[in-house]
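Colleague: Could you have a look at this structure, given as structure tokens, before my questions?
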Amino acid sequence: MDSKEAQSQIAQMISFIASEAQDRASEIQKKGEEEFSIEVHRVVTEQKEKIRGTYEKKAKMIETQYAIAKSMAINKQRLEKIKARQEVMNLIEADVGPNLVKESQNAAFITKLIVQGMLMLLEDEVVVKCRAADSKLVRGCLGAAQAEYTNLIKTETGALKTCDLSIDTLFLPDKCLGGVFLSCFGGKITIDNTVDIRLRLTMEQAKPAIRALLFPSA
């Protein structure tokens, strides 16, 4: 082989190697571009999902906060309505109180309160407690109360039953609206028939009717 043939073969080998290298380089570049494109798509997709997830969390958090705020506002409104209604009920009770104080000075009214307590106790000896200011009035009602009690028992049952009434040495507080507090067996059994307790019971029973009248849309 002369030098020209040798150079020709070398040139061919170089050309082949260069071609292979170029093909390999193109293949590597193409593969790299594909991998890069895939990676870019993955990163973009991940970021989109991350952003979507963050948005959904924020949206959910806002919805939750709104629901809580709405619930609190509704509860606050309800409490304010309840408070307003209760204030009106308290005013009604306060307005009625003075009229009942006048009624508590009525001997017939006091007698009925005593008899009611006696009928609930059905004992032979009952102690009656009242305000110091009402002591004279209540003492003057004891005889009539005993007689009415005996008559009622006889009318209803045919039995003759009496009850010995006495005034307690202790008195109801001056702030009490009046009425009586009955007890027997040394205070072990008691009947609160004061004007205060009767007013509270009446107001409690009348609440639905009063609310319907004053707050028809509530």
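Residue numbers start at 1 in each chain; chains themselves are named A, B, ... in the order of the structure tokens; ligands are numbered from 1 in the order shown.
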Within 8 Å of segment 95-116 of chain A, which residues of segment 140-162 of chain A show up? Give each one with its shortest atom-to-atom distance in Å (one decimal) and the two atoms involved, counting only C-alpha atoms, rows by chain then rising residue number, as CSV.

Modeller:
```
residue,atom,partner,partner_atom,distance
A:Cys141,CA,A:Thr111,CA,5.5
A:Leu142,CA,A:Thr111,CA,7.3
A:Ala144,CA,A:Thr111,CA,6.9
A:Ala145,CA,A:Thr111,CA,5.3
A:Gln146,CA,A:Val115,CA,7.5
A:Glu148,CA,A:Val115,CA,7.2
A:Tyr149,CA,A:Val115,CA,5.8
```

Colleague: Taking the DSSP assignment computed from this structure's backbone, write out as number ranges by chain all residues of segment 33-163 of chain A that belong to strand (DSSP E or B).

Modeller: A: 125-129, 131

Colleague: Export, as a tab-separated table (two decimals), in the first residue's frame, the selected residues with N, CA and C atoms.

Modeller:
```
chain	number	residue	atom	x	y	z
A	125	GLU	N	-99.88	21.20	112.68
A	125	GLU	CA	-99.26	22.43	113.17
A	125	GLU	C	-98.41	23.04	112.06
A	126	VAL	N	-98.64	24.30	111.75
A	126	VAL	CA	-97.92	24.99	110.68
A	126	VAL	C	-97.49	26.37	111.17
A	127	VAL	N	-96.26	26.71	110.85
A	127	VAL	CA	-95.71	28.02	111.23
A	127	VAL	C	-95.73	28.91	109.99
A	128	VAL	N	-96.21	30.14	110.17
A	128	VAL	CA	-96.33	31.09	109.06
A	128	VAL	C	-95.29	32.20	109.21
A	129	LYS	N	-94.49	32.39	108.18
A	129	LYS	CA	-93.48	33.46	108.21
A	129	LYS	C	-93.92	34.56	107.24
A	131	ARG	N	-93.28	39.18	106.32
A	131	ARG	CA	-92.44	40.34	106.56
A	131	ARG	C	-92.82	40.96	107.91
```

Colleague: Which of these residues is nearest to Leu152 of chain A, using only C-alpha atoms: A:Ile167, A:Met118, A:Ile74, A:Ala133?

Modeller: A:Met118

Colleague: When distances are computed from only C-alpha atoms, which of A:Leu165, A:Ala132, A:Met61, A:Ala84 shows the smallest separation from Ala147 of chain A?

Modeller: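 With only C-alpha atoms as the atom set, the closest residue is A:Leu165.
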
Colleague: For atom CA of Thr150 of chain A and atom CA of Thr162 of chain A, quote the distance in Å rounded to one decimal.

Modeller: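 Computing it gives 5.5 Å between the two atoms.
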
Colleague: When you count only C-alpha atoms, which of these residues is closest to Asp124 of chain A: A:Gly143, A:Ala73, A:Ser183, A:Gly178?

Modeller: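 Closest candidate: A:Ser183.
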
Colleague: Quick one: distance from atom CA of Gln47 of chain A to atom CA of Lys31 of chain A in Å, one decimal?

Modeller: 23.9 Å

Colleague: Using backbone DSSP assignments, extract all alpha helix (DSSP H) residues from segment 62-131 of chain A; output them as a compact mmCIF listing (two decimals) with C-alpha atoms, in the first residue's frame.

Modeller:
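Final output, saved to states.txt:
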```
# COMPACT_ATOMS: atom_id res chain seq x y z
CA ILE A 62 -61.84 31.15 53.49
CA GLU A 63 -65.03 29.09 53.24
CA THR A 64 -64.44 27.77 56.76
CA GLN A 65 -63.75 31.25 58.13
CA TYR A 66 -66.87 32.55 56.40
CA ALA A 67 -68.97 29.71 57.84
CA ILE A 68 -67.60 30.38 61.34
CA ALA A 69 -68.15 34.14 61.02
CA LYS A 70 -71.71 33.57 59.74
CA SER A 71 -72.48 31.16 62.57
CA MET A 72 -71.08 33.59 65.15
CA ALA A 73 -73.09 36.47 63.66
CA ILE A 74 -76.30 34.40 63.75
CA ASN A 75 -75.62 33.30 67.34
CA LYS A 76 -74.85 36.87 68.35
CA GLN A 77 -78.09 38.06 66.79
CA ARG A 78 -80.02 35.32 68.57
CA LEU A 79 -78.39 36.18 71.90
CA GLU A 80 -79.19 39.86 71.39
CA LYS A 81 -82.82 38.98 70.64
CA ILE A 82 -82.99 36.74 73.72
CA LYS A 83 -81.41 39.49 75.82
CA ALA A 84 -83.84 42.10 74.45
CA ARG A 85 -86.83 39.82 75.10
CA GLN A 86 -85.60 39.07 78.62
CA GLU A 87 -85.15 42.77 79.34
CA VAL A 88 -88.76 43.38 78.27
CA MET A 89 -89.92 40.48 80.47
CA ASN A 90 -87.96 41.94 83.39
CA LEU A 91 -89.59 45.34 82.82
CA ILE A 92 -93.03 43.73 82.80
CA GLU A 93 -92.21 41.90 86.03
CA ALA A 94 -90.93 45.14 87.58
CA ASP A 95 -94.11 46.97 86.52
CA VAL A 96 -96.37 44.25 87.93
CA GLY A 97 -94.49 44.08 91.25
CA PRO A 98 -95.84 47.31 92.79
CA ASN A 99 -99.43 46.28 92.03
CA LEU A 100 -98.88 42.96 93.75
CA VAL A 101 -97.39 44.72 96.77
CA LYS A 102 -100.72 46.52 97.12
CA GLU A 103 -102.54 43.20 96.75
CA ALA A 107 -106.48 40.33 104.09
CA ALA A 108 -108.57 38.07 101.81
CA PHE A 109 -105.55 37.57 99.52
CA ILE A 110 -103.26 36.70 102.42
CA THR A 111 -105.86 34.30 103.83
CA LYS A 112 -106.03 32.47 100.50
CA LEU A 113 -102.23 32.18 100.36
CA ILE A 114 -102.16 30.67 103.87
CA VAL A 115 -104.98 28.21 103.09
CA GLN A 116 -103.28 27.11 99.86
CA GLY A 117 -100.11 26.35 101.81
CA MET A 118 -102.02 24.48 104.49
CA LEU A 119 -103.74 22.29 101.89
CA MET A 120 -100.37 21.37 100.41
CA LEU A 121 -98.89 20.48 103.81
```
